[in-house]
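Shown here: target_25.txt, compact mmCIF, C-alpha atoms.
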```txt
# COMPACT_ATOMS: atom_id res chain seq x y z
CA MET D 1 154.67 94.43 105.43
CA THR D 2 152.90 95.22 102.23
CA VAL D 3 152.10 92.33 99.91
CA SER D 4 153.68 92.95 96.54
CA ASN D 5 153.24 89.68 94.61
CA ASP D 6 151.34 86.38 94.47
CA ASP D 7 154.17 84.38 96.05
CA GLU D 8 154.04 86.53 99.18
CA LEU D 9 150.26 86.22 99.30
CA THR D 10 150.47 82.43 99.00
CA ALA D 11 153.06 82.24 101.79
CA LEU D 12 150.97 84.45 104.10
CA LYS D 13 147.85 82.39 103.46
CA ASP D 14 149.83 79.26 104.29
CA ILE D 15 151.16 80.46 107.64
CA GLY D 16 147.77 81.99 108.46
CA ARG D 17 146.07 78.64 107.90
CA ILE D 18 148.71 76.86 110.00
CA VAL D 19 148.19 79.24 112.93
CA ALA D 20 144.41 78.90 112.74
CA ASN D 21 144.61 75.11 112.60
CA ALA D 22 146.83 75.06 115.70
CA ILE D 23 144.22 77.07 117.63
CA ALA D 24 141.49 74.69 116.41
CA ALA D 25 143.48 71.65 117.56
CA MET D 26 144.03 73.21 120.98
CA GLN D 27 140.36 74.14 121.28
CA GLN D 28 139.35 70.56 120.53
CA ALA D 29 141.53 69.33 123.41
CA LEU D 30 140.27 71.95 125.86
CA GLU D 31 138.59 70.17 128.75
CA PRO D 32 138.77 69.96 132.53
CA GLY D 33 141.88 68.12 133.71
CA ILE D 34 144.28 69.12 130.94
CA THR D 35 147.24 71.27 131.92
CA THR D 36 148.24 74.36 130.00
CA ALA D 37 151.60 72.66 129.27
CA GLU D 38 149.79 69.71 127.67
CA LEU D 39 147.66 72.11 125.66
CA ASP D 40 150.79 73.93 124.53
CA GLN D 41 152.34 70.68 123.33
CA ILE D 42 149.32 70.09 121.12
CA GLY D 43 149.83 73.54 119.61
CA ARG D 44 153.54 72.91 119.13
CA ALA D 45 152.93 69.59 117.40
CA SER D 46 150.39 71.20 115.09
CA LEU D 47 152.81 73.97 114.10
CA GLU D 48 155.85 71.77 113.71
CA GLY D 49 153.88 69.19 111.73
CA GLU D 50 153.39 71.89 109.09
CA GLY D 51 157.01 73.03 109.15
CA ALA D 52 156.29 76.18 111.15
CA ARG D 53 158.04 77.59 114.21
CA SER D 54 156.59 79.31 117.26
CA ALA D 55 157.06 83.05 116.77
CA PRO D 56 157.27 84.05 120.45
CA GLU D 57 159.94 81.42 121.03
CA LEU D 58 161.83 82.40 117.89
CA MET D 59 161.65 86.17 118.33
CA TYR D 60 161.62 86.69 122.09
CA GLY D 61 162.67 83.47 123.81
CA PHE D 62 159.17 82.96 125.26
CA PRO D 63 159.01 79.84 127.47
CA GLY D 64 156.39 78.01 125.42
CA ALA D 65 155.20 77.50 121.87
CA THR D 66 151.92 79.33 122.48
CA CYS D 67 150.52 81.86 124.95
CA ILE D 68 147.78 80.43 127.19
CA SER D 69 146.14 82.86 129.61
CA VAL D 70 143.56 81.74 132.16
CA ASN D 71 140.92 83.82 133.97
CA GLU D 72 142.72 86.78 135.59
CA GLU D 73 145.57 86.38 133.08
CA ILE D 74 144.68 88.14 129.84
CA ALA D 75 147.82 87.90 127.69
CA HIS D 76 151.20 86.20 127.38
CA GLY D 77 150.39 83.46 129.90
CA ILE D 78 153.17 80.87 130.20
CA PRO D 79 152.14 77.22 129.66
CA GLY D 80 152.84 75.10 132.71
CA PRO D 81 151.37 72.76 135.34
CA ARG D 82 148.13 74.70 135.83
CA VAL D 83 145.21 72.30 135.55
CA LEU D 84 142.20 73.68 133.71
CA LYS D 85 138.79 73.21 135.27
CA ALA D 86 135.14 73.77 134.47
CA GLY D 87 134.29 77.45 134.50
CA ASP D 88 137.72 78.64 133.38
CA LEU D 89 138.05 81.34 130.74
CA VAL D 90 141.04 80.44 128.54
CA ASN D 91 142.72 82.61 125.93
CA ILE D 92 144.85 80.86 123.32
CA ASP D 93 147.18 83.10 121.31
CA VAL D 94 149.23 81.48 118.54
CA SER D 95 151.76 83.15 116.29
CA ALA D 96 154.19 81.35 114.03
CA GLU D 97 156.74 81.66 111.24
CA LYS D 98 157.29 79.64 108.10
CA ALA D 99 159.62 80.47 105.20
CA GLY D 100 160.19 83.95 106.60
CA PHE D 101 156.51 84.88 106.91
CA PHE D 102 154.53 85.37 110.13
CA ALA D 103 150.87 85.27 111.18
CA ASP D 104 149.21 85.91 114.54
CA ALA D 105 145.77 84.92 115.86
CA GLY D 106 143.97 84.33 119.10
CA ALA D 107 140.65 83.32 120.62
CA SER D 108 139.08 82.93 124.04
CA PHE D 109 137.12 79.87 125.17
CA ALA D 110 135.00 79.26 128.26
CA ILE D 111 135.01 75.71 129.66
CA PRO D 112 131.38 74.98 130.56
CA PRO D 113 129.45 75.45 132.68
CA VAL D 114 129.95 79.21 132.84
CA SER D 115 127.68 82.12 133.69
CA PRO D 116 125.48 83.72 131.05
CA LYS D 117 127.59 86.88 131.46
CA VAL D 118 130.74 85.05 130.40
CA GLU D 119 128.92 83.31 127.55
CA ARG D 120 127.80 86.71 126.26
CA LEU D 121 131.29 88.13 126.72
CA CYS D 122 132.75 85.43 124.48
CA ARG D 123 130.05 85.91 121.89
CA ASP D 124 130.45 89.68 121.93
CA GLY D 125 134.24 89.46 121.87
CA LYS D 126 133.98 87.79 118.48
CA ARG D 127 131.45 90.40 117.36
CA ALA D 128 133.78 93.20 118.49
CA LEU D 129 136.61 91.76 116.41
CA TRP D 130 134.48 91.51 113.29
CA THR D 131 133.10 94.99 113.90
CA GLY D 132 136.69 96.22 113.74
CA LEU D 133 137.51 94.09 110.71
CA ALA D 134 134.57 95.61 108.84
CA GLU D 135 136.48 98.91 108.89
CA VAL D 136 139.50 97.43 107.11
CA ARG D 137 139.79 98.72 103.55
CA THR D 138 142.40 100.44 101.44
CA ASP D 139 142.67 104.20 102.12
CA ARG D 140 140.54 104.11 105.26
CA PRO D 141 141.94 105.39 108.58
CA LEU D 142 143.53 102.85 110.91
CA ALA D 143 141.80 104.67 113.77
CA GLY D 144 138.44 103.69 112.29
CA ILE D 145 138.99 100.20 113.68
CA GLY D 146 139.20 101.47 117.25
CA ARG D 147 136.29 103.85 116.82
CA ALA D 148 134.05 101.02 115.63
CA VAL D 149 135.13 98.66 118.39
CA GLY D 150 134.70 101.43 120.96
CA ALA D 151 131.18 102.17 119.79
CA PHE D 152 130.32 98.48 120.00
CA ALA D 153 131.75 98.17 123.52
CA LYS D 154 129.92 101.26 124.74
CA LYS D 155 126.61 100.16 123.26
CA HIS D 156 126.78 96.76 124.95
CA GLY D 157 128.19 97.86 128.30
CA TYR D 158 131.76 96.59 128.05
CA THR D 159 135.16 98.11 128.69
CA LEU D 160 138.24 97.81 126.49
CA VAL D 161 141.83 97.18 127.56
CA GLU D 162 143.62 100.26 126.28
CA ASN D 163 147.31 99.41 126.65
CA LEU D 164 147.41 96.32 124.43
CA ALA D 165 147.34 97.37 120.78
CA SER D 166 147.18 95.68 117.41
CA HIS D 167 150.23 95.72 115.15
CA GLY D 168 151.73 95.11 111.75
CA VAL D 169 152.89 91.57 110.96
CA GLY D 170 154.22 89.65 107.97
CA ARG D 171 158.00 89.60 107.77
CA SER D 172 158.25 89.84 111.55
CA LEU D 173 155.88 89.17 114.42
CA HIS D 174 155.65 92.87 115.31
CA GLU D 175 156.39 95.52 112.71
CA GLU D 176 154.99 98.72 111.24
CA PRO D 177 152.33 99.93 111.62
CA ARG D 178 152.79 99.66 115.37
CA GLU D 179 150.32 100.56 118.14
CA ILE D 180 147.08 100.21 116.19
CA ALA D 181 144.43 101.15 118.74
CA THR D 182 141.38 98.95 119.17
CA TRP D 183 139.73 101.68 121.24
CA PRO D 184 138.72 105.21 120.22
CA THR D 185 141.63 107.58 119.61
CA ARG D 186 141.96 110.93 117.85
CA SER D 187 145.74 111.02 117.60
CA ASP D 188 146.28 108.45 114.84
CA ARG D 189 146.14 109.93 111.32
CA ARG D 190 147.53 106.91 109.48
CA LYS D 191 145.64 105.21 106.66
CA MET D 192 145.58 101.64 105.44
CA THR D 193 147.47 101.17 102.21
CA GLU D 194 146.73 98.52 99.58
CA GLY D 195 148.21 95.17 100.63
CA LEU D 196 149.05 96.22 104.21
CA VAL D 197 149.34 93.20 106.54
CA PHE D 198 148.42 93.59 110.20
CA ALA D 199 146.70 91.95 113.15
CA VAL D 200 143.52 93.21 114.79
CA GLU D 201 143.02 92.09 118.42
CA PRO D 202 140.54 93.92 120.68
CA PHE D 203 140.39 92.98 124.37
CA LEU D 204 136.77 93.19 125.52
CA SER D 205 136.07 93.08 129.26
CA LEU D 206 133.46 93.18 131.98
CA GLY D 207 135.37 95.95 133.73
CA ALA D 208 139.11 95.88 133.00
CA ARG D 209 140.71 98.88 131.34
CA PHE D 210 144.39 98.00 131.44
CA ALA D 211 146.79 95.06 131.39
CA GLY D 212 149.20 94.96 134.32
CA ASP D 213 152.40 93.03 135.01
CA GLY D 214 152.45 89.94 137.21
CA GLU D 215 155.21 88.13 139.08
CA ASP D 216 156.96 86.76 136.00
CA GLU D 217 158.32 88.79 133.11
CA TRP D 218 155.62 87.72 130.64
CA THR D 219 152.12 87.27 132.04
CA LEU D 220 149.73 90.23 131.95
CA TYR D 221 146.68 90.55 134.20
CA SER D 222 143.41 92.45 133.95
CA VAL D 223 143.31 95.77 135.85
CA PRO D 224 140.97 95.93 137.65
CA ARG D 225 140.41 92.18 137.81
CA ALA D 226 137.50 91.26 135.53
CA PRO D 227 136.67 88.59 132.92
CA THR D 228 138.35 89.65 129.66
CA VAL D 229 138.48 88.08 126.20
CA GLN D 230 140.70 88.59 123.18
CA TYR D 231 139.97 87.58 119.60
CA GLU D 232 142.53 88.19 116.87
CA HIS D 233 143.00 87.75 113.14
CA THR D 234 145.80 88.63 110.74
CA VAL D 235 144.42 90.45 107.71
CA ILE D 236 145.42 92.17 104.49
CA ALA D 237 143.83 95.51 103.59
CA THR D 238 142.35 95.46 100.09
CA ARG D 239 140.01 97.65 98.08
CA ASN D 240 137.28 95.10 98.79
CA GLY D 241 137.84 95.01 102.55
CA ALA D 242 139.76 92.74 104.90
CA LEU D 243 141.27 89.55 103.52
CA VAL D 244 141.41 87.36 106.64
CA LEU D 245 144.45 85.08 106.60
CA THR D 246 144.00 83.21 109.89
CA LEU D 247 141.09 80.92 109.08
CA PRO D 248 141.37 77.13 109.48
CA GLY D 249 141.45 74.96 106.43
```
As structure tokens, please, write out the structure in this file.
Amino acid sequence: MTVSNDDELTALKDIGRIVANAIAAMQQALEPGITTAELDQIGRASLEGEGARSAPELMYGFPGATCISVNEEIAHGIPGPRVLKAGDLVNIDVSAEKAGFFADAGASFAIPPVSPKVERLCRDGKRALWTGLAEVRTDRPLAGIGRAVGAFAKKHGYTLVENLASHGVGRSLHEEPREIATWPTRSDRRKMTEGLVFAVEPFLSLGARFAGDGEDEWTLYSVPRAPTVQYEHTVIATRNGALVLTLPG
């Protein structure tokens, strides 16, 4: 969507804050011994306590309020009886709706102790996201995001998952502009317009280049298998840069 008035902006900021606070609550509870189903219930309670609804449940019938992906799983992991343990790499992806407006965010967390390589991967995953966000500005090319993230990944020796793209959001969980690459591409000539709302979510990895299907209809796995992180924010393109909506508050 494109923001056209202050009421829309206020509503988007509200749902963005709610999504970010749900991730923060789940992060706080992340420790060895908790199941992904228990973690999901914390996210659900956080959303519902603010009058919001899980977007994947609402839009697609996803079997959980949030997506929780562990280790070899890199996206759309189904919450369930899996018990988290020290050393696990956990991605939490939360998207929600309130009053007809949607926001989407995600972050990856390593449960210590983990290897220095994984610690650096998490640190650099955040840096990759913000490298992409620095390219967000009215009238700039959407492909500039992927070029910047790609340059960062190459410089620091990482790979990028190239079949999971960013997307428009706002009045729906996934809307135009669709398939926003977070890797270098020459085929996209689109530009960011003033007030455009979209998510940016690079997947940085220690070797994976694709996301592949698993045994269920939802969970995606790294191909080839390698530690992979995702960090995501919903933003609005403005003349002054990216207005990040999904910050806790």
For this session: For Gly49 (chain D), work out the shell of residues within 12 Å, counting all atoms listed in the file and skipping chain neighbours fewer than 4 positions away, then give it as a VMD selection string.
Result: chain D and resid 18 to 19 21 to 22 41 to 45 53 to 54 98
Let me have the centre and edge lengths in Å, one decimal, of the box along x, y and z around every listed atom of region 1-18 of chain D with 4 Å of margin on each side, as JSON.
```
{"center_x": 150.4, "center_y": 86.0, "center_z": 102.2, "size_x": 16.6, "size_y": 26.4, "size_z": 23.5}
```
For this session: Within 8 Å of region 186-195 of chain D, counting only C-alpha atoms, which residues show up once you throw out same-chain ones fewer than 3 positions away? Write them as JSON, numbers by chain, please.
Result: {"D": [2, 3, 4, 136, 137, 138, 139, 140, 141, 142, 143, 236, 237, 238, 239]}
Using only C-alpha atoms, please write the residues we just selected to a file, as a short mmCIF file (atom, residue, chain, number, x, y, z; two decimals), in the frame of the given file.
```cif
data_model
loop_
_atom_site.label_atom_id
_atom_site.label_comp_id
_atom_site.auth_asym_id
_atom_site.auth_seq_id
_atom_site.Cartn_x
_atom_site.Cartn_y
_atom_site.Cartn_z
CA THR D 2 152.90 95.22 102.23
CA VAL D 3 152.10 92.33 99.91
CA SER D 4 153.68 92.95 96.54
CA VAL D 136 139.50 97.43 107.11
CA ARG D 137 139.79 98.72 103.55
CA THR D 138 142.40 100.44 101.44
CA ASP D 139 142.67 104.20 102.12
CA ARG D 140 140.54 104.11 105.26
CA PRO D 141 141.94 105.39 108.58
CA LEU D 142 143.53 102.85 110.91
CA ALA D 143 141.80 104.67 113.77
CA ILE D 236 145.42 92.17 104.49
CA ALA D 237 143.83 95.51 103.59
CA THR D 238 142.35 95.46 100.09
CA ARG D 239 140.01 97.65 98.08
#
```
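A search radius of 8 Å centred on (160.6, 84.2, 99.2), applied to all atoms listed in the file, returns the residues Asp7, Glu8, Ala99 and Gly100 of chain D.
With only C-alpha atoms as the atoms that count, the residue of D:Gly51, D:Gly168, D:Gly214, D:Pro81 with the shortest distance to Ala103 (chain D) is D:Gly168.
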For this session: Excluding Ser115 (chain D) and any residue of its chain fewer than 5 positions from it, enumerate the residues within 12 Å of it, using all atoms listed in the file, and give them as a PyMOL selection string.
Result: chain D and resi 86-89+110+120-122+227
Problem set entry | Which residue of D:Leu30, D:Leu243, D:Val161, D:Cys67 approaches Arg225 (chain D) most closely, using only C-alpha atoms | D:Val161
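Take CA of Gln27 (chain D) and CA of Ser108 (chain D): the distance between them is 9.3 Å.
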Problem set entry | Which residue of D:Glu176, D:Asp14, D:Glu119, D:Asp213 approaches Gly249 (chain D) most closely, using all atoms listed in the file | D:Asp14
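Nearest residue to Leu58 (chain D) among D:Ala181, D:Ala96, D:Ile74, D:Val169 is D:Ala96, counting only C-alpha atoms.
What separates CA of Pro248 (chain D) from CA of Ile15 (chain D) is a distance of 10.5 Å.
Take the candidates D:Met59, D:Ala25, D:Leu220, D:Ala105 and check each one against Gly77 (chain D) using all atoms listed in the file; the shortest distance goes to D:Leu220.
Using all atoms listed in the file, the nearest neighbour of Met26 (chain D) within the list D:Glu48, D:Ile78, D:Tyr221, D:Phe109 is D:Phe109.
Relative to CA of Leu164 (chain D), CA of Ser95 (chain D) is found at 16.1 Å.
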For this session: Determine, counting all atoms listed in the file, which protein, DNA and RNA residues have an atom within 8 Å of an atom of Leu245 (chain D); residues of the same chain fewer than 5 positions away are not included. Present the result as a list of chain:residue names.
Result: D:Leu12, D:Lys13, D:Gly16, D:Arg17, D:Ala103, D:His233, D:Thr234, D:Val235, D:Ile236
For this session: Quick one: residues within 9 Å of (135.4, 102.6, 114.4) (file frame), counting all atoms listed in the file, please, as number ranges by chain.
Result: D: 131-132, 134-135, 142-152, 182-184
Reconstruct region 156-168 of chain D at the level of N, CA and C atoms, and format the result as a CSV table (one decimal), in the coordinates of the input.
```
chain,number,residue,atom,x,y,z
D,156,HIS,N,127.1,98.0,124.3
D,156,HIS,CA,126.8,96.8,125.0
D,156,HIS,C,127.3,96.7,126.4
D,157,GLY,N,127.8,97.8,126.9
D,157,GLY,CA,128.2,97.9,128.3
D,157,GLY,C,129.5,97.2,128.7
D,158,TYR,N,130.5,97.2,127.8
D,158,TYR,CA,131.8,96.6,128.0
D,158,TYR,C,132.8,97.7,128.1
D,159,THR,N,134.0,97.3,128.7
D,159,THR,CA,135.2,98.1,128.7
D,159,THR,C,136.2,97.5,127.7
D,160,LEU,N,137.2,98.3,127.4
D,160,LEU,CA,138.2,97.8,126.5
D,160,LEU,C,139.6,98.0,127.2
D,161,VAL,N,140.5,97.0,127.0
D,161,VAL,CA,141.8,97.2,127.6
D,161,VAL,C,142.6,98.1,126.6
D,162,GLU,N,143.1,99.2,127.1
D,162,GLU,CA,143.6,100.3,126.3
D,162,GLU,C,145.1,100.4,126.3
D,163,ASN,N,145.8,99.4,126.8
D,163,ASN,CA,147.3,99.4,126.6
D,163,ASN,C,147.9,98.2,126.0
D,164,LEU,N,147.0,97.4,125.3
D,164,LEU,CA,147.4,96.3,124.4
D,164,LEU,C,146.9,96.6,123.0
D,165,ALA,N,147.8,96.9,122.1
D,165,ALA,CA,147.3,97.4,120.8
D,165,ALA,C,147.6,96.3,119.7
D,166,SER,N,146.9,96.5,118.6
D,166,SER,CA,147.2,95.7,117.4
D,166,SER,C,148.5,96.2,116.7
D,167,HIS,N,148.9,95.4,115.7
D,167,HIS,CA,150.2,95.7,115.2
D,167,HIS,C,150.4,95.1,113.8
D,168,GLY,N,151.4,95.7,113.0
D,168,GLY,CA,151.7,95.1,111.8
D,168,GLY,C,152.4,93.8,111.9
```
